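Visitor: Contents of structure_3.cif (mmCIF, C-alpha atoms):
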```
data_query
loop_
_atom_site.label_atom_id
_atom_site.label_comp_id
_atom_site.auth_asym_id
_atom_site.auth_seq_id
_atom_site.Cartn_x
_atom_site.Cartn_y
_atom_site.Cartn_z
CA MET G 1 -0.17 -31.15 -19.55
CA ALA G 2 -0.92 -33.35 -16.58
CA MET G 3 -1.95 -31.51 -13.42
CA GLY G 4 -1.55 -32.66 -9.85
CA LEU G 5 -2.74 -31.01 -6.68
CA LEU G 6 -0.09 -30.46 -4.04
CA ALA G 7 -1.19 -30.45 -0.41
CA VAL G 8 -0.82 -26.94 0.99
CA VAL G 9 0.35 -26.41 4.53
CA ALA G 10 -1.83 -23.73 6.09
CA ALA G 11 0.32 -23.07 9.14
CA SER G 12 0.91 -19.41 9.91
CA CYS G 13 3.89 -18.09 11.83
CA GLY G 14 2.62 -14.52 12.14
CA SER G 15 0.27 -12.13 10.42
CA ALA G 16 -2.51 -13.89 8.52
CA ASP G 17 -3.08 -11.14 5.95
CA LEU G 18 -1.90 -13.33 3.05
CA PRO G 19 -4.11 -16.03 1.54
CA ALA G 20 -2.40 -19.42 1.71
CA SER G 21 -3.89 -20.85 -1.48
CA VAL G 22 -1.74 -21.54 -4.52
CA ALA G 23 -2.40 -22.79 -8.02
CA PRO G 24 -2.40 -26.54 -8.77
CA VAL G 25 1.06 -27.87 -9.48
CA THR G 26 2.02 -28.89 -13.00
CA THR G 27 4.29 -31.87 -13.43
CA ALA G 28 7.20 -31.07 -15.74
CA THR G 29 10.69 -32.15 -16.67
CA PRO G 30 12.97 -30.42 -14.14
CA THR G 31 15.56 -27.86 -15.14
CA THR G 32 17.82 -28.37 -12.14
CA LEU G 33 21.37 -27.76 -11.11
CA SER G 34 23.94 -30.13 -12.56
CA PRO G 35 25.51 -32.80 -10.30
CA GLU G 36 28.68 -30.69 -10.20
CA GLN G 37 26.72 -27.62 -9.11
CA LEU G 38 24.88 -29.63 -6.50
CA GLU G 39 28.11 -31.03 -5.08
CA ALA G 40 29.72 -27.59 -4.99
CA GLU G 41 26.82 -25.52 -3.67
CA LEU G 42 24.22 -27.52 -1.75
CA ASP G 43 25.69 -27.93 1.71
CA PRO G 44 24.64 -31.32 3.14
CA THR G 45 25.65 -30.21 6.65
CA CYS G 46 23.03 -27.46 6.77
CA VAL G 47 20.38 -28.13 9.41
CA ALA G 48 17.25 -25.96 9.57
CA SER G 49 16.40 -24.50 12.98
CA THR G 50 12.69 -25.30 12.67
CA ALA G 51 10.50 -27.94 11.08
CA VAL G 52 9.88 -26.92 7.47
CA GLY G 53 6.36 -27.28 6.07
CA PHE G 54 6.05 -28.09 2.41
CA GLY G 55 3.82 -25.97 0.21
CA SER G 56 2.65 -22.49 1.08
CA THR G 57 2.99 -20.94 4.56
CA VAL G 58 2.62 -17.38 5.80
CA HIS G 59 5.36 -15.90 7.98
CA ALA G 60 6.07 -12.67 9.80
CA VAL G 61 9.36 -10.89 10.45
CA GLU G 62 10.05 -7.77 12.47
CA SER G 63 11.77 -5.20 10.26
CA GLY G 64 12.50 -1.69 11.42
CA GLY G 65 10.29 -2.24 14.45
CA VAL G 66 7.30 -3.21 12.27
CA ALA G 67 5.80 -6.67 11.73
CA ARG G 68 5.91 -7.51 8.02
CA SER G 69 4.47 -10.56 6.25
CA TYR G 70 5.68 -12.82 3.48
CA LEU G 71 4.62 -16.05 1.83
CA GLN G 72 7.05 -18.95 1.67
CA TYR G 73 6.65 -21.81 -0.78
CA VAL G 74 8.79 -24.91 -0.22
CA PRO G 75 8.70 -27.67 -2.87
CA ALA G 76 8.22 -31.32 -1.97
CA SER G 77 11.75 -32.05 -3.18
CA TYR G 78 13.26 -30.15 -0.24
CA GLU G 79 15.34 -32.57 1.83
CA GLY G 80 17.15 -30.30 4.26
CA VAL G 81 20.10 -29.36 2.05
CA ALA G 82 20.61 -25.78 0.92
CA MET G 83 18.15 -24.74 -1.80
CA PRO G 84 18.08 -21.78 -4.22
CA VAL G 85 15.57 -19.00 -3.51
CA VAL G 86 13.50 -16.79 -5.80
CA ILE G 87 12.20 -13.59 -4.17
CA SER G 88 8.97 -12.75 -5.98
CA LEU G 89 7.95 -9.07 -5.80
CA HIS G 90 4.28 -8.55 -6.60
CA HIS G 91 2.66 -5.80 -8.63
CA ASN G 92 1.64 -2.68 -6.70
CA THR G 93 -1.85 -3.04 -5.17
CA GLY G 94 -1.49 -6.83 -5.43
CA THR G 95 -0.74 -9.58 -2.91
CA ALA G 96 2.09 -12.00 -2.44
CA ALA G 97 -0.16 -15.04 -2.78
CA ASP G 98 -1.82 -13.78 -5.97
CA ASP G 99 1.61 -13.13 -7.46
CA VAL G 100 2.91 -16.64 -6.76
CA ALA G 101 -0.21 -18.11 -8.37
CA ALA G 102 -0.27 -15.75 -11.37
CA GLN G 103 3.38 -16.31 -12.26
CA GLY G 104 3.21 -20.09 -11.93
CA LEU G 105 5.96 -20.01 -9.32
CA ALA G 106 4.62 -22.89 -7.24
CA GLU G 107 4.68 -25.10 -10.31
CA ALA G 108 8.15 -23.90 -11.29
CA ALA G 109 9.45 -24.42 -7.74
CA GLU G 110 8.23 -28.02 -7.83
CA ALA G 111 9.66 -28.65 -11.30
CA HIS G 112 13.03 -26.99 -10.82
CA GLY G 113 13.75 -27.25 -7.10
CA PHE G 114 13.79 -23.80 -5.50
CA VAL G 115 12.04 -22.02 -2.63
CA VAL G 116 9.84 -18.96 -3.28
CA LEU G 117 9.79 -16.03 -0.85
CA SER G 118 7.10 -13.49 -1.73
CA PRO G 119 7.09 -10.43 0.55
CA GLN G 120 3.91 -8.38 0.99
CA ALA G 121 4.08 -4.63 0.37
CA ALA G 122 2.61 -2.41 3.09
CA GLY G 123 -0.35 -0.04 2.94
CA GLU G 124 -3.86 0.08 1.52
CA PRO G 125 -3.45 -0.28 -1.38
CA ALA G 126 -0.18 -2.16 -1.00
CA VAL G 127 2.61 -0.23 -2.73
CA TRP G 128 6.37 -0.76 -2.68
CA ASP G 129 8.78 1.96 -1.59
CA ALA G 130 11.50 1.59 -4.21
CA ALA G 131 13.56 4.54 -3.03
CA VAL G 132 17.22 4.00 -2.26
CA ALA G 133 17.81 2.35 1.15
CA SER G 134 14.06 2.28 1.85
CA ALA G 135 12.34 0.39 4.65
CA ASP G 136 11.19 -2.13 2.03
CA VAL G 137 14.80 -2.89 1.05
CA THR G 138 15.52 -3.55 4.71
CA PHE G 139 12.41 -5.76 4.89
CA VAL G 140 13.57 -7.90 1.96
CA SER G 141 17.01 -8.28 3.54
CA ASP G 142 15.50 -9.14 6.94
CA MET G 143 13.19 -11.68 5.29
CA VAL G 144 16.15 -13.45 3.69
CA ASP G 145 17.99 -13.39 7.02
CA GLN G 146 15.06 -15.08 8.73
CA ALA G 147 14.55 -17.60 5.94
CA GLN G 148 18.21 -18.52 6.19
CA THR G 149 17.62 -19.62 9.79
CA ASP G 150 14.28 -21.31 9.05
CA PHE G 151 15.51 -23.59 6.27
CA CYS G 152 18.70 -24.37 4.38
CA LEU G 153 19.15 -21.49 1.96
CA SER G 154 21.79 -21.46 -0.78
CA VAL G 155 23.30 -18.00 -0.22
CA GLU G 156 24.98 -18.13 -3.64
CA ARG G 157 21.59 -18.51 -5.35
CA VAL G 158 19.21 -15.84 -4.06
CA TYR G 159 17.36 -14.29 -7.02
CA ALA G 160 14.80 -11.48 -7.33
CA LEU G 161 11.87 -11.42 -9.76
CA GLY G 162 9.60 -8.40 -10.19
CA ALA G 163 6.19 -8.47 -11.89
CA GLY G 164 4.79 -5.28 -13.43
CA ASP G 165 5.68 -2.31 -11.25
CA GLY G 166 7.00 -4.82 -8.73
CA GLY G 167 9.94 -4.51 -11.12
CA ASP G 168 10.69 -1.15 -9.49
CA MET G 169 11.39 -3.00 -6.25
CA ALA G 170 13.31 -5.77 -8.02
CA ALA G 171 15.58 -3.17 -9.58
CA ARG G 172 16.07 -1.44 -6.24
CA VAL G 173 17.11 -4.61 -4.40
CA ALA G 174 19.41 -5.48 -7.32
CA CYS G 175 21.13 -2.12 -6.75
CA ASP G 176 21.08 -1.93 -2.96
CA LEU G 177 21.62 -5.64 -2.29
CA SER G 178 23.93 -6.41 -5.20
CA ASP G 179 26.23 -8.30 -2.84
CA ARG G 180 23.35 -10.63 -2.02
CA ILE G 181 21.12 -10.88 -5.10
CA ALA G 182 22.73 -13.25 -7.60
CA ALA G 183 20.57 -12.19 -10.58
CA VAL G 184 17.36 -10.26 -11.21
CA GLY G 185 14.39 -10.87 -13.50
CA PHE G 186 11.63 -8.59 -14.79
CA LEU G 187 8.17 -9.50 -16.06
CA GLY G 188 7.05 -6.48 -18.03
CA VAL G 189 8.75 -3.10 -17.77
CA VAL G 190 12.42 -3.05 -16.75
CA ALA G 191 12.86 -0.32 -14.16
CA ASP G 192 15.83 2.04 -14.01
CA PRO G 193 16.43 2.99 -10.36
CA GLN G 194 18.30 6.17 -9.58
CA PRO G 195 20.75 6.26 -7.95
CA CYS G 196 22.10 2.75 -8.40
CA GLU G 197 25.37 2.13 -6.58
CA LEU G 198 26.23 -1.45 -7.46
CA LEU G 199 28.91 -3.37 -5.62
CA ARG G 200 28.84 -5.84 -8.51
CA PRO G 201 26.91 -5.99 -11.82
CA VAL G 202 23.80 -8.13 -11.22
CA PRO G 203 22.88 -10.27 -14.28
CA LEU G 204 19.47 -9.27 -15.65
CA ALA G 205 16.75 -11.13 -17.55
CA ALA G 206 13.45 -9.73 -18.81
CA ALA G 207 10.35 -11.19 -20.43
CA PRO G 208 9.78 -9.36 -22.64
CA GLY G 209 12.30 -6.51 -22.71
CA ARG G 210 11.94 -3.25 -24.62
CA GLU G 211 15.12 -1.62 -25.90
CA PRO G 212 14.32 1.82 -24.34
CA ASP G 213 13.81 0.23 -20.92
CA LEU G 214 17.02 -1.78 -21.18
CA ALA G 215 19.17 1.12 -22.43
CA PRO G 216 20.12 2.42 -18.94
CA TRP G 217 21.25 -1.06 -17.88
CA VAL G 218 23.10 -1.61 -21.15
CA ASP G 219 24.95 1.66 -20.52
CA ARG G 220 25.48 0.84 -16.83
CA TYR G 221 27.06 -2.49 -17.74
CA GLY G 222 29.01 -1.20 -20.73
CA CYS G 223 27.39 -3.68 -23.12
CA ASP G 224 27.36 -3.42 -26.89
CA PRO G 225 24.07 -1.55 -27.61
CA SER G 226 23.45 -3.76 -30.66
CA PRO G 227 22.32 -7.14 -29.28
CA THR G 228 22.21 -10.50 -30.96
CA VAL G 229 18.84 -12.16 -31.50
CA GLU G 230 18.50 -15.93 -31.65
CA PRO G 231 15.65 -18.45 -31.54
CA LEU G 232 15.03 -20.22 -28.28
CA GLY G 233 16.39 -23.76 -28.22
CA PRO G 234 14.44 -26.76 -29.53
CA THR G 235 13.49 -27.88 -26.01
CA GLU G 236 12.22 -24.42 -25.06
CA VAL G 237 9.04 -22.55 -25.96
CA THR G 238 8.68 -20.87 -29.33
CA GLY G 239 10.21 -17.41 -29.35
CA VAL G 240 13.46 -15.47 -29.45
CA ARG G 241 16.21 -14.60 -27.02
CA THR G 242 17.95 -11.23 -27.22
CA VAL G 243 21.48 -11.20 -25.76
CA TYR G 244 23.60 -8.12 -25.07
CA THR G 245 27.32 -8.88 -25.39
CA ASP G 246 30.66 -7.37 -24.41
CA CYS G 247 29.35 -6.29 -20.99
CA VAL G 248 31.65 -5.66 -18.03
CA GLU G 249 32.92 -8.79 -16.31
CA GLY G 250 30.16 -10.56 -14.43
CA ALA G 251 27.34 -8.65 -16.15
CA ALA G 252 24.71 -10.17 -18.42
CA ILE G 253 21.50 -8.92 -20.01
CA GLU G 254 19.05 -11.20 -21.82
CA THR G 255 15.42 -10.85 -22.83
CA PHE G 256 12.83 -13.40 -23.92
CA ASP G 257 9.95 -12.81 -26.30
CA VAL G 258 7.64 -15.79 -26.71
CA GLY G 259 4.63 -16.41 -28.88
CA GLY G 260 2.19 -17.47 -26.15
CA PRO G 261 1.68 -17.67 -22.39
CA THR G 262 4.61 -19.19 -20.52
CA ALA G 263 5.15 -19.59 -16.79
CA ALA G 264 7.59 -16.95 -15.63
CA GLY G 265 9.57 -19.38 -13.53
CA ASP G 266 10.04 -21.77 -16.43
CA LEU G 267 11.22 -18.98 -18.72
CA ILE G 268 13.60 -17.07 -16.44
CA TRP G 269 14.78 -19.86 -14.12
CA PRO G 270 17.24 -21.33 -16.69
CA PHE G 271 18.87 -17.88 -16.86
CA PHE G 272 19.09 -17.71 -13.08
CA VAL G 273 20.76 -21.14 -12.94
CA ASP G 274 23.64 -19.81 -15.04
CA TYR G 275 24.42 -16.99 -12.61
CA PRO G 276 25.19 -17.84 -9.00
CA LEU G 277 26.63 -15.15 -6.75
CA PRO G 278 30.41 -15.04 -7.23
CA THR G 279 32.38 -16.29 -4.23
CA GLY G 280 35.97 -15.87 -3.19
CA PRO G 281 38.41 -13.06 -4.05
#
```
Mind turning this structure into C-alpha coordinates?
Guide:
Amino acid sequence: MAMGLLAVVAASCGSADLPASVAPVTTATPTTLSPEQLEAELDPTCVASTAVGFGSTVHAVESGGVARSYLQYVPASYEGVAMPVVISLHHNTGTAADDVAAQGLAEAAEAHGFVVLSPQAAGEPAVWDAAVASADVTFVSDMVDQAQTDFCLSVERVYALGAGDGGDMAARVACDLSDRIAAVGFLGVVADPQPCELLRPVPLAAAPGREPDLAPWVDRYGCDPSPTVEPLGPTEVTGVRTVYTDCVEGAAIETFDVGGPTAAGDLIWPFFVDYPLPTGP
(Lines of atoms letter the chains of each structure in order from A and count residues from 1; the text may use other names and numbers.)
(Lines give C-alpha, C1' and ligand atoms only; values in the text may rest on other atoms or scores of the structure.)
Protein backbone atom coordinates (compact mmCIF):
# COMPACT_ATOMS: atom_id res chain seq x y z
CA MET A 1 0.00 0.00 0.00
CA ALA A 2 1.34 3.42 -0.88
CA MET A 3 2.72 5.41 2.04
CA GLY A 4 2.95 9.16 2.35
CA LEU A 5 4.52 11.22 5.10
CA LEU A 6 2.27 13.85 6.63
CA ALA A 7 3.92 16.97 8.04
CA VAL A 8 3.54 16.96 11.82
CA VAL A 9 2.91 20.17 13.68
CA ALA A 10 5.13 20.20 16.75
CA ALA A 11 3.44 23.09 18.54
CA SER A 12 2.74 22.49 22.21
CA CYS A 13 0.02 24.23 24.18
CA GLY A 14 1.08 22.94 27.59
CA SER A 15 2.98 20.06 29.13
CA ALA A 16 5.54 18.54 26.77
CA ASP A 17 5.53 15.07 28.31
CA LEU A 18 4.06 13.47 25.16
CA PRO A 19 6.18 12.75 22.09
CA ALA A 20 4.73 14.48 19.03
CA SER A 21 5.80 11.88 16.48
CA VAL A 22 3.26 9.74 14.67
CA ALA A 23 3.45 6.92 12.16
CA PRO A 24 3.56 7.67 8.41
CA VAL A 25 0.13 8.12 6.92
CA THR A 26 -1.30 5.46 4.62
CA THR A 27 -3.41 6.59 1.70
CA ALA A 28 -6.69 4.67 1.56
CA THR A 29 -10.20 4.82 0.20
CA PRO A 30 -12.17 6.83 2.78
CA THR A 31 -15.04 5.38 4.75
CA THR A 32 -16.77 8.68 5.44
CA LEU A 33 -20.15 9.99 6.41
CA SER A 34 -22.76 10.00 3.66
CA PRO A 35 -23.79 13.33 2.07
CA GLU A 36 -27.04 13.15 4.06
CA GLN A 37 -25.13 12.64 7.32
CA LEU A 38 -22.78 15.47 6.46
CA GLU A 39 -25.65 17.83 5.73
CA ALA A 40 -27.45 16.88 8.94
CA GLU A 41 -24.52 16.80 11.36
CA LEU A 42 -21.53 18.88 10.25
CA ASP A 43 -22.42 22.43 11.21
CA PRO A 44 -20.95 24.85 8.64
CA THR A 45 -21.47 27.78 11.02
CA CYS A 46 -19.04 26.40 13.60
CA VAL A 47 -15.98 28.61 14.00
CA ALA A 48 -13.01 27.41 16.06
CA SER A 49 -11.73 29.81 18.73
CA THR A 50 -8.07 29.21 17.86
CA ALA A 51 -5.99 28.41 14.81
CA VAL A 52 -6.00 24.63 14.35
CA GLY A 53 -2.73 22.91 13.48
CA PHE A 54 -2.93 19.84 11.32
CA GLY A 55 -1.21 16.66 12.42
CA SER A 56 -0.15 15.93 15.97
CA THR A 57 -0.05 18.56 18.74
CA VAL A 58 0.29 18.26 22.50
CA HIS A 59 -2.17 20.14 24.71
CA ALA A 60 -2.80 20.68 28.39
CA VAL A 61 -6.05 21.15 30.29
CA GLU A 62 -6.62 21.90 33.95
CA SER A 63 -8.82 19.21 35.47
CA GLY A 64 -9.59 19.04 39.15
CA GLY A 65 -6.90 21.63 39.81
CA VAL A 66 -4.23 19.52 38.08
CA ALA A 67 -2.62 20.10 34.67
CA ARG A 68 -3.25 17.07 32.46
CA SER A 69 -1.91 16.38 28.97
CA TYR A 70 -3.38 14.93 25.81
CA LEU A 71 -2.38 14.48 22.19
CA GLN A 72 -4.62 15.85 19.46
CA TYR A 73 -4.42 14.64 15.87
CA VAL A 74 -6.25 16.70 13.23
CA PRO A 75 -6.40 15.32 9.67
CA ALA A 76 -5.54 17.45 6.65
CA SER A 77 -9.17 17.22 5.51
CA TYR A 78 -10.33 19.42 8.40
CA GLU A 79 -11.90 22.57 6.97
CA GLY A 80 -13.46 24.22 10.00
CA VAL A 81 -16.77 22.34 10.02
CA ALA A 82 -17.67 20.04 12.88
CA MET A 83 -15.73 16.76 12.79
CA PRO A 84 -16.23 13.42 14.58
CA VAL A 85 -13.81 12.59 17.42
CA VAL A 86 -12.27 9.31 18.57
CA ILE A 87 -10.94 9.35 22.15
CA SER A 88 -8.09 6.85 22.22
CA LEU A 89 -7.29 5.44 25.68
CA HIS A 90 -3.83 3.90 25.85
CA HIS A 91 -2.72 0.73 27.60
CA ASN A 92 -1.62 1.13 31.22
CA THR A 93 2.08 2.07 31.48
CA GLY A 94 1.93 3.34 27.88
CA THR A 95 1.76 6.80 26.33
CA ALA A 96 -0.81 8.63 24.27
CA ALA A 97 1.55 9.10 21.34
CA ASP A 98 2.61 5.45 21.26
CA ASP A 99 -1.04 4.42 21.29
CA VAL A 100 -1.98 6.61 18.33
CA ALA A 101 0.93 5.19 16.34
CA ALA A 102 0.37 1.55 17.36
CA GLN A 103 -3.32 1.56 16.50
CA GLY A 104 -2.86 3.28 13.14
CA LEU A 105 -5.18 6.08 14.23
CA ALA A 106 -3.35 8.85 12.38
CA GLU A 107 -3.74 6.90 9.15
CA ALA A 108 -7.40 6.14 9.89
CA ALA A 109 -8.10 9.78 10.78
CA GLU A 110 -6.68 10.87 7.42
CA ALA A 111 -8.58 8.19 5.50
CA HIS A 112 -11.94 8.56 7.22
CA GLY A 113 -12.05 12.16 8.42
CA PHE A 114 -12.07 12.30 12.22
CA VAL A 115 -10.01 13.94 14.97
CA VAL A 116 -8.13 11.82 17.54
CA LEU A 117 -7.90 12.90 21.18
CA SER A 118 -5.54 10.68 23.18
CA PRO A 119 -5.37 11.59 26.88
CA GLN A 120 -2.30 10.68 28.94
CA ALA A 121 -2.81 8.71 32.16
CA ALA A 122 -1.08 10.09 35.25
CA GLY A 123 1.66 8.55 37.38
CA GLU A 124 4.90 6.63 36.94
CA PRO A 125 4.07 4.20 35.49
CA ALA A 126 1.02 5.81 33.90
CA VAL A 127 -2.12 3.96 35.02
CA TRP A 128 -5.79 4.84 34.55
CA ASP A 129 -8.16 5.20 37.49
CA ALA A 130 -11.23 3.41 36.13
CA ALA A 131 -13.26 3.71 39.32
CA VAL A 132 -16.72 5.23 39.11
CA ALA A 133 -16.67 9.05 38.91
CA SER A 134 -12.86 9.09 39.12
CA ALA A 135 -10.61 12.07 38.45
CA ASP A 136 -9.72 10.45 35.12
CA VAL A 137 -13.38 10.45 34.04
CA THR A 138 -13.48 14.16 34.84
CA PHE A 139 -10.25 14.64 32.88
CA VAL A 140 -11.71 12.99 29.77
CA SER A 141 -14.83 15.15 30.03
CA ASP A 142 -12.76 18.31 30.55
CA MET A 143 -10.58 17.39 27.57
CA VAL A 144 -13.63 17.11 25.32
CA ASP A 145 -14.93 20.42 26.67
CA GLN A 146 -11.67 22.13 25.77
CA ALA A 147 -11.44 20.47 22.37
CA GLN A 148 -14.95 21.66 21.62
CA THR A 149 -13.74 25.26 21.99
CA ASP A 150 -10.46 24.67 20.14
CA PHE A 151 -11.95 23.21 16.96
CA CYS A 152 -15.34 22.33 15.52
CA LEU A 153 -16.34 19.11 17.24
CA SER A 154 -19.37 17.04 16.21
CA VAL A 155 -20.99 16.48 19.62
CA GLU A 156 -23.17 13.70 18.18
CA ARG A 157 -20.07 11.73 17.17
CA VAL A 158 -17.69 11.49 20.12
CA TYR A 159 -16.42 7.90 20.41
CA ALA A 160 -14.13 6.12 22.88
CA LEU A 161 -11.62 3.39 21.99
CA GLY A 162 -9.64 1.46 24.61
CA ALA A 163 -6.53 -0.62 23.88
CA GLY A 164 -5.59 -3.47 26.22
CA ASP A 165 -6.33 -2.48 29.81
CA GLY A 166 -7.08 0.99 28.47
CA GLY A 167 -10.36 -0.80 27.83
CA ASP A 168 -11.07 -0.48 31.56
CA MET A 169 -11.14 3.29 31.11
CA ALA A 170 -13.13 3.06 27.87
CA ALA A 171 -15.78 1.03 29.67
CA ARG A 172 -15.85 3.48 32.56
CA VAL A 173 -16.39 6.54 30.35
CA ALA A 174 -19.05 4.60 28.42
CA CYS A 175 -20.88 4.13 31.73
CA ASP A 176 -20.25 7.50 33.38
CA LEU A 177 -20.44 9.61 30.22
CA SER A 178 -23.13 7.64 28.38
CA ASP A 179 -24.91 10.89 27.56
CA ARG A 180 -21.79 12.05 25.73
CA ILE A 181 -20.05 8.97 24.29
CA ALA A 182 -21.88 7.86 21.15
CA ALA A 183 -20.27 4.39 20.97
CA VAL A 184 -17.33 2.55 22.50
CA GLY A 185 -14.71 0.20 21.05
CA PHE A 186 -12.34 -2.30 22.66
CA LEU A 187 -9.07 -3.68 21.32
CA GLY A 188 -8.46 -6.82 23.34
CA VAL A 189 -10.31 -7.59 26.56
CA VAL A 190 -13.77 -6.07 27.01
CA ALA A 191 -13.98 -4.68 30.53
CA ASP A 192 -17.04 -4.95 32.77
CA PRO A 193 -17.13 -1.88 35.05
CA GLN A 194 -19.05 -2.08 38.29
CA PRO A 195 -21.22 -0.23 39.01
CA CYS A 196 -22.40 0.93 35.60
CA GLU A 197 -25.31 3.37 35.73
CA LEU A 198 -26.06 4.08 32.09
CA LEU A 199 -28.29 6.94 31.03
CA ARG A 200 -28.52 5.23 27.64
CA PRO A 201 -27.11 1.96 26.21
CA VAL A 202 -23.82 2.80 24.47
CA PRO A 203 -23.24 0.68 21.31
CA LEU A 204 -20.16 -1.51 21.71
CA ALA A 205 -17.65 -2.98 19.25
CA ALA A 206 -14.68 -5.22 20.05
CA ALA A 207 -11.79 -6.65 18.07
CA PRO A 208 -11.68 -9.45 18.91
CA GLY A 209 -14.35 -10.18 21.51
CA ARG A 210 -14.51 -13.23 23.78
CA GLU A 211 -17.95 -14.48 24.79
CA PRO A 212 -17.13 -14.51 28.57
CA ASP A 213 -16.00 -10.87 28.42
CA LEU A 214 -19.07 -9.81 26.47
CA ALA A 215 -21.57 -11.69 28.67
CA PRO A 216 -22.06 -8.86 31.21
CA TRP A 217 -22.78 -6.37 28.42
CA VAL A 218 -25.08 -8.82 26.65
CA ASP A 219 -27.01 -9.19 29.90
CA ARG A 220 -26.91 -5.43 30.58
CA TYR A 221 -28.40 -4.73 27.15
CA GLY A 222 -30.87 -7.61 27.19
CA CYS A 223 -29.48 -9.11 23.98
CA ASP A 224 -30.05 -12.65 22.75
CA PRO A 225 -27.04 -14.56 24.20
CA SER A 226 -26.76 -16.59 20.98
CA PRO A 227 -25.21 -14.24 18.40
CA THR A 228 -25.15 -14.51 14.65
CA VAL A 229 -21.80 -14.93 12.90
CA GLU A 230 -21.26 -13.68 9.38
CA PRO A 231 -18.27 -13.10 7.09
CA LEU A 232 -17.04 -9.56 6.71
CA GLY A 233 -18.14 -7.93 3.48
CA PRO A 234 -16.23 -8.31 0.20
CA THR A 235 -14.68 -4.83 0.53
CA GLU A 236 -13.50 -5.50 4.09
CA VAL A 237 -10.62 -7.56 5.46
CA THR A 238 -10.90 -11.34 5.71
CA GLY A 239 -12.63 -12.41 8.89
CA VAL A 240 -15.97 -12.70 10.64
CA ARG A 241 -18.37 -10.36 12.39
CA THR A 242 -20.33 -11.54 15.42
CA VAL A 243 -23.58 -9.64 16.01
CA TYR A 244 -25.76 -9.82 19.12
CA THR A 245 -29.43 -9.20 18.30
CA ASP A 246 -32.67 -8.34 20.08
CA CYS A 247 -30.91 -5.85 22.39
CA VAL A 248 -32.77 -3.02 24.13
CA GLU A 249 -33.55 -0.05 21.90
CA GLY A 250 -30.43 1.87 21.00
CA ALA A 251 -28.04 -0.89 22.09
CA ALA A 252 -25.70 -2.81 19.80
CA ILE A 253 -22.86 -5.28 20.34
CA GLU A 254 -20.58 -6.45 17.54
CA THR A 255 -17.17 -8.12 17.46
CA PHE A 256 -14.63 -8.56 14.69
CA ASP A 257 -12.20 -11.44 14.31
CA VAL A 258 -9.79 -11.06 11.40
CA GLY A 259 -7.12 -13.31 9.99
CA GLY A 260 -4.23 -10.82 10.06
CA PRO A 261 -3.13 -7.41 11.33
CA THR A 262 -5.63 -4.64 10.65
CA ALA A 263 -5.56 -1.01 11.73
CA ALA A 264 -7.95 -0.55 14.61
CA GLY A 265 -9.42 2.61 13.19
CA ASP A 266 -10.19 0.97 9.86
CA LEU A 267 -11.89 -1.98 11.56
CA ILE A 268 -14.00 -0.23 14.20
CA TRP A 269 -14.62 3.13 12.52
CA PRO A 270 -17.35 1.77 10.17
CA PHE A 271 -19.21 0.57 13.29
CA PHE A 272 -18.85 3.98 14.92
CA VAL A 273 -20.25 5.69 11.80
CA ASP A 274 -23.51 3.76 12.22
CA TYR A 275 -24.08 5.02 15.77
CA PRO A 276 -24.23 8.76 16.38
CA LEU A 277 -25.47 10.02 19.72
CA PRO A 278 -29.28 10.18 19.64
CA THR A 279 -30.68 13.71 19.66
CA GLY A 280 -34.08 15.09 20.44
CA PRO A 281 -36.80 13.65 22.71
Visitor: Taking the file as shown, find all residues satisfying the PyMOL selection byres ((chain G and resi 141-152) around 10) and write them as a ChimeraX atom specification.
Guide: /G:42-53,59-64,68-70,72,74,78-85,87,115,117-119,135-140,153-155,158,173,176-177,180-181
Visitor: Enumerate, as a list in words, the residues matched when the PyMOL selection byres ((chain G and resi 231) around 10) is run on the file above.
Guide: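 When the PyMOL selection byres ((chain G and resi 231) around 10) is applied, the selected residues are Val229, Glu230, Leu232, Gly233, Pro234, Glu236, Val237, Thr238, Gly239, Val240, Arg241, Thr242, Phe256, Asp257 and Val258 of chain G.
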Visitor: Neighbours of stretch 266-269 of chain G within 9 Å (only C-alpha atoms; same-chain residues fewer than 5 positions away dropped), as a PyMOL selection string?
Guide: chain G and resi 31+86+104-105+107-108+111-112+161+185-186+205-207+236-237+256+274
Visitor: With the PyMOL selection byres ((chain G and resi 128) around 10) as the selection, what would be picked from this file? Answer as an MDAnalysis selection string, please.
Guide: chainID G and resid 89:93 120:123 125:127 129:131 134:137 165:169
Visitor: Choose the residue, out of G:Val132, G:Leu277, G:Ala160, G:Ala96, that has the smallest atom-to-atom separation from G:Arg200; count only C-alpha atoms.
Guide: G:Leu277
Visitor: Go ahead and compute the interatomic distance for atom CA of G:Ala76 and atom CA of G:Phe54, in Å to one decimal.
Guide: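 That distance, rounded to one decimal, is 5.9 Å.
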Visitor: Tell me, in Å to one decimal, how far atom CA of G:Glu197 is from atom CA of G:Cys175.
Guide: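 Taking atom CA of G:Glu197 and atom CA of G:Cys175, their separation equals 6.0 Å.
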Visitor: State, in Å with one decimal place, the distance from atom CA of G:Asp213 to atom CA of G:Gly188.
Guide: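 Result for atom CA of G:Asp213 versus atom CA of G:Gly188: 10.0 Å, one decimal.
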Visitor: If we draw a sphere of 6 Å around (19.4, -10.2, -12.3), which residues have at least one atom in it when counting only C-alpha atoms? Please report them as number ranges by chain.
Guide: G: 183-185, 202-205
Visitor: Leaving out stretch 246-250 of chain G and any residue of its chain fewer than 3 positions from it, which residues lie within 9 Å of it when counting all atoms listed in the file, given as JSON, numbers by chain?
Guide: {"G": [200, 201, 202, 203, 218, 221, 222, 223, 224, 253, 275, 278]}
